[in-house]
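Participant: Dumping the structure here so I can ask a few things about it.
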Amino acid sequence: SGYQKRTQKDYSLSLKHQIVFEIEQGELSTTGALKKYGIQSRSTIVGWLRKYGKFDWENQTPSHMPKTPEQKILELEAKVKLLEKQNAFLAAQNTRADKKAIIFDMMIDIAEKEYNIEIRKNSSPEQLNNTKKPTKKA
């Protein structure tokens with residue numbers, strides 16, 4: 001019989017559970033399962049581990065079972081991805097904060113020149129209010 005490309009629908013639930021069980025027991029790696037059961041892609045198996053496994057892949061919380069090297073790797077990959085996301089977010093926030101500080105500084109410089117007051121030295125509001133303001137005549 002010729003080699004037939006299988007689709008997701010072809011795998012029975014019991015086969016999926018069997019593969020997940022073997023991986024979680026440490027009998028197989030995901031790549032080992034690919035070869036043994038003729039499954040097309042590793043992501044298919046990873047999906048089953050998330051769906052049917054006893055290990056909470058999404059939240060990386062350990063189950064009552066000892067973790068296999070496979071699980072530890074997947075868990076670390078997920079943590080690295082999360083840290084990379086957080087790092088990128090914080091870096092963007094930092095840049096924004098720096099820009100705000102620069103703009104704020106420039107605004108103070110302009111205000112000091114325009115109104116001839118030293119904002120940075122005068123910390124109390126009373127001193128700011130005592131500077132001469134032009135009075136409008138009605």
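Residue numbering restarts at 1 in every chain; chains get A, B, ... in the order shown in the structure tokens, and ligands count up from 1 in that same order.
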Which residues are near Ile19 in chain A? Cut-off 9 Å, only C-alpha atoms, ignore same chain within fewer than 2 positions. Put them as a list in words.
Facilitator: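 Skipping anything fewer than 2 positions along the chain leaves Ser14, Leu15, Lys16, His17, Phe21, Glu22, Ile23, Glu24, Leu28, Thr30, Ala33, Tyr37, Ile45, Trp48 and Leu49 of chain A.
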Participant: Kindly give the distance, in Å, that separates CA of Lys51 in chain A and CA of Lys85 in chain A, rounded to a single decimal.
Facilitator: 23.9 Å
Participant: Per DSSP on the backbone, filter range 35-122 of chain A down to the residues in alpha helix (DSSP H) and report them as a PyMOL selection string.
Facilitator: chain A and resi 35-37+42-52+69-115
Participant: Report the distance between CA of Gln71 in chain A and CA of Thr44 in chain A in Å, rounded to one decimal place.
Facilitator: 15.2 Å
Participant: Restricting the calculation to only C-alpha atoms: of A:Gln86, A:Ala92, A:Pro66, A:Leu74, which residue gets closest to Arg42 in chain A?
Facilitator: A:Leu74
Participant: How many Å lie between CA of Gln93 in chain A and CA of Met106 in chain A, rounded to one decimal?
Facilitator: 20.0 Å
